[in-house]
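To start, the structure under review is shown below, and the notes come after it.
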Amino acid sequence: MSDEARVSTPREVELDAKIAFLRRADSYPETRPGEPVAFVQTHMSCVFLTEHHAYKLKKPVRHSFLDFTTLEARRHYCQEELRLNRRLAREVYLAVLPLTQDRYGALAVDGRGEPVDWLVKMRRLPRALMLDQALTARTVGPEDVRRFATVLARFYRHAAPLGVNAHEYRKRFEDGVIANHRVLTEPRYGLSPAEVEQATHEQRTFLDSHADLLTRRVRQRRIVEGHGDLRPEHVCLAPAPVFIDCLEFNPAFRVLDPADELAYLGMECELLGAPFVGEVALATYTAITEDAPPTPLVDFYKAYRATVRARLSVLHLDDHARREHARWVSRGQRYLGLARRYGARAIMPATDGAR
């Protein structure tokens, strides 16, 4: 066999080989010999953590809502991740870098060879300053919430309103309720069919009897391109708050009502034992934007988001070992409990000023 025949091509680099290379300290210019590189992975990506930076590699996966199977698609979504996250975390998202391979098969980060994949380079943030960690440590007060909510409110206030069809906006939720019900009632996930039915029935009732509240948000031009995945673990309580991990792979998921996004964050914080976060954040948003979303609508948004999170929780059972079963079922049950409580509140008879 000739030397030319032995030369690797970019197509021959498997994901496992990329991961093995990126877990080595000598793969990065800023690391010292022997310095550990932490490794975290999800369904969609692998993240490699040096002392000061994080490098994210997208997996070549396809789901109903995304397709990362081609090199060009992964490059595109890395660039989108950089662009979108710089709206709320400009100093964190630094660059998109190629993972290259030379003619002899050697890999390099931002090398001179042919790109075999793409990486998003980010500045690492102190873990203790992430909202989920700070809530667990009980180091968050109302003033911390007002500070980061002010940044969000100004972001929403300056976002361009999107031309959304009111019927399509409502149908998005109707379709979501059906999809959530279908998954959550599958016997293998072990949730109570009666509780799932109650939660989704409340949401269907709201959509039937309170559709005007959704229509009004569209007509008031409140729908914008938001963050898309505003959870506590994505909020950094730095002196200048930043918000990371914007949802880049599906634009439709970012088309939303700011009240929905803040309700989502508030619901997640309530699950962590801090309901005051959502209350203070929404009050801050209202004070800055002069937009006071109706309480029943906010409760519906929380109920719907909790049901989506219940669905995502139990779907982990399809990919995890049996020992993970109790963890994900328990999480799904907790989200389902919140969904039922908020759904019931959303369809309660209105009191004076409730709408």
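Each chain of the structure tokens is named A, B, ... in the order shown, its residues numbered from 1; ligands are numbered from 1 in display order.
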At a cut-off of 12 Å, using only C-alpha atoms, what residues contact Ile19 (chain A)? Leave out same-chain residues fewer than 4 positions from it and give the result as a list in words.
Val13, Glu14, Leu15, Arg23, Arg24, Ser27, Val37, Ala38, Phe39, Val40, Gln41, Ser45, Cys46, Val47, Phe48, Tyr55, Lys56, Leu57, Lys58, Lys59, Leu99, Leu107, Asp117 and Leu119 of chain A
For the alpha helix (DSSP H) assignment from backbone DSSP, which residues of region 96-274 of chain A qualify? Please present them as a count of residues only.
82
So, counting only C-alpha atoms, which residue among A:Arg221, A:Arg311, A:Arg231, A:Arg340 is closest to Tyr156 (chain A)?
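So, comparing all the options, the nearest one is A:Arg221.
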Per DSSP on the backbone, what are the strand (DSSP E) residues of region 74-310 of chain A, as a PyMOL selection string?
chain A and resi 93-101+107-109+114-123+224-225+235-236+242-243+255-256
Within 8 Å of Val196 (chain A), counting only C-alpha atoms, which residues qualify if same-chain residues fewer than 4 places away don't, as a PyMOL selection string?
chain A and resi 181+184-185+191-192+200+336
Residues near region 234-242 of chain A, cut-off 6 Å, only C-alpha atoms, skip fewer than 4 positions along chain, as a JSON list (two decimals) with N, CA and C atoms, in the first residue's frame:
```json
[["chain", "number", "residue", "atom", "x", "y", "z"],
["A", 88, "LEU", "N", -26.97, 38.00, 24.62],
["A", 88, "LEU", "CA", -27.10, 38.06, 26.08],
["A", 88, "LEU", "C", -25.85, 37.59, 26.81],
["A", 89, "ALA", "N", -24.80, 37.21, 26.07],
["A", 89, "ALA", "CA", -23.57, 36.74, 26.71],
["A", 89, "ALA", "C", -22.38, 36.99, 25.79],
["A", 129, "LEU", "N", -21.89, 30.81, 40.60],
["A", 129, "LEU", "CA", -22.70, 31.97, 40.24],
["A", 129, "LEU", "C", -23.89, 31.62, 39.35],
["A", 130, "MET", "N", -24.01, 30.36, 38.95],
["A", 130, "MET", "CA", -25.18, 29.97, 38.16],
["A", 130, "MET", "C", -26.40, 29.93, 39.07],
["A", 131, "LEU", "N", -27.53, 30.37, 38.56],
["A", 131, "LEU", "CA", -28.72, 30.56, 39.39],
["A", 131, "LEU", "C", -29.14, 29.27, 40.08],
["A", 148, "PHE", "N", -30.84, 40.68, 37.29],
["A", 148, "PHE", "CA", -30.80, 39.94, 36.02],
["A", 148, "PHE", "C", -32.11, 40.13, 35.24]]
```
Contacts of Ala153 (chain A) at 10 Å (only C-alpha atoms; same-chain gap of 2+ positions) as an MDAnalysis selection string
chainID A and resid 146 148:151 155:159 258 262 281:282 284:289
For each of A:Leu315, A:Ala346, A:Ala194, A:Val308, take the minimum atom-to-atom distance to Ala179 (chain A), counting only C-alpha atoms, then give the residue where this is smallest.
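Between A:Leu315, A:Ala346, A:Ala194, A:Val308, the residue approaching Ala179 (chain A) most closely is A:Val308.
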Residue nearest Leu162 (chain A) - candidates A:Leu84, A:Leu49, A:Leu256, A:Cys78, atoms counted: only C-alpha atoms
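When distances to Leu162 (chain A) are compared using only C-alpha atoms, the smallest one comes from A:Leu256.
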So which residues touch Arg222 (chain A) within 12 Å, counting only C-alpha atoms, skipping near sequence neighbours fewer than 6 positions away, as a ChimeraX atom specification?
/A:156-164,166,169,213-216,255-261,289-293
Any idea what's packed within 10 Å of Arg75 (chain A), counting only C-alpha atoms, ignoring anything in its chain fewer than 6 positions away? Could you give it as a PyMOL selection string?
chain A and resi 58+68+81+96-98+115+117-120
How would the residues just chosen look if you wrote them out with N, CA and C atoms as a PDB file, in the first residue's frame?
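What follows is the written file again_22.pdb:
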```pdb
ATOM      1  N   LYS A  58     -20.722  19.501  18.558  1.00  0.00           N
ATOM      2  CA  LYS A  58     -22.068  18.972  18.307  1.00  0.00           C
ATOM      3  C   LYS A  58     -21.969  17.542  17.777  1.00  0.00           C
ATOM      4  N   PHE A  68     -28.064  17.372  12.797  1.00  0.00           N
ATOM      5  CA  PHE A  68     -26.641  17.722  12.862  1.00  0.00           C
ATOM      6  C   PHE A  68     -25.789  16.696  12.117  1.00  0.00           C
ATOM      7  N   GLU A  81     -25.125  29.430  17.105  1.00  0.00           N
ATOM      8  CA  GLU A  81     -24.981  29.445  18.558  1.00  0.00           C
ATOM      9  C   GLU A  81     -24.172  30.653  19.002  1.00  0.00           C
ATOM     10  N   VAL A  96     -15.989  30.461  16.821  1.00  0.00           N
ATOM     11  CA  VAL A  96     -16.200  29.132  16.253  1.00  0.00           C
ATOM     12  C   VAL A  96     -14.884  28.707  15.625  1.00  0.00           C
ATOM     13  N   LEU A  97     -14.371  27.558  16.055  1.00  0.00           N
ATOM     14  CA  LEU A  97     -13.064  27.079  15.610  1.00  0.00           C
ATOM     15  C   LEU A  97     -13.202  25.747  14.880  1.00  0.00           C
ATOM     16  N   PRO A  98     -12.383  25.523  13.852  1.00  0.00           N
ATOM     17  CA  PRO A  98     -12.413  24.213  13.199  1.00  0.00           C
ATOM     18  C   PRO A  98     -11.598  23.189  13.989  1.00  0.00           C
ATOM     19  N   PRO A 115     -11.038  20.935   7.824  1.00  0.00           N
ATOM     20  CA  PRO A 115     -11.985  20.806   8.933  1.00  0.00           C
ATOM     21  C   PRO A 115     -12.698  19.444   8.893  1.00  0.00           C
ATOM     22  N   ASP A 117     -14.651  18.909  11.812  1.00  0.00           N
ATOM     23  CA  ASP A 117     -15.770  19.307  12.662  1.00  0.00           C
ATOM     24  C   ASP A 117     -15.540  20.729  13.123  1.00  0.00           C
ATOM     25  N   TRP A 118     -16.490  21.214  13.947  1.00  0.00           N
ATOM     26  CA  TRP A 118     -16.449  22.603  14.388  1.00  0.00           C
ATOM     27  C   TRP A 118     -16.734  22.663  15.881  1.00  0.00           C
ATOM     28  N   LEU A 119     -16.107  23.633  16.539  1.00  0.00           N
ATOM     29  CA  LEU A 119     -16.222  23.808  17.980  1.00  0.00           C
ATOM     30  C   LEU A 119     -16.647  25.238  18.307  1.00  0.00           C
ATOM     31  N   VAL A 120     -17.500  25.369  19.304  1.00  0.00           N
ATOM     32  CA  VAL A 120     -17.812  26.688  19.855  1.00  0.00           C
ATOM     33  C   VAL A 120     -16.929  26.872  21.086  1.00  0.00           C
TER      34      VAL A 120
END
```
What does the distance between CA of Arg86 (chain A) and CA of Cys246 (chain A) come to in Å, to one decimal place?
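That distance, rounded to one decimal, is 9.4 Å.
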Nearest to Ile244 (chain A) by atom-to-atom distance, counting only C-alpha atoms, from A:Ala306, A:Leu338, A:Leu82, A:Leu265
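Closest residue, counting only C-alpha atoms: A:Leu82.
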Return the single residue from A:Met267, A:Val280, A:Glu225, A:Arg124 that is closest to Arg147 (chain A), with distances computed using only C-alpha atoms.
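Of A:Met267, A:Val280, A:Glu225, A:Arg124, the one nearest Arg147 (chain A), counting only C-alpha atoms, is A:Val280.
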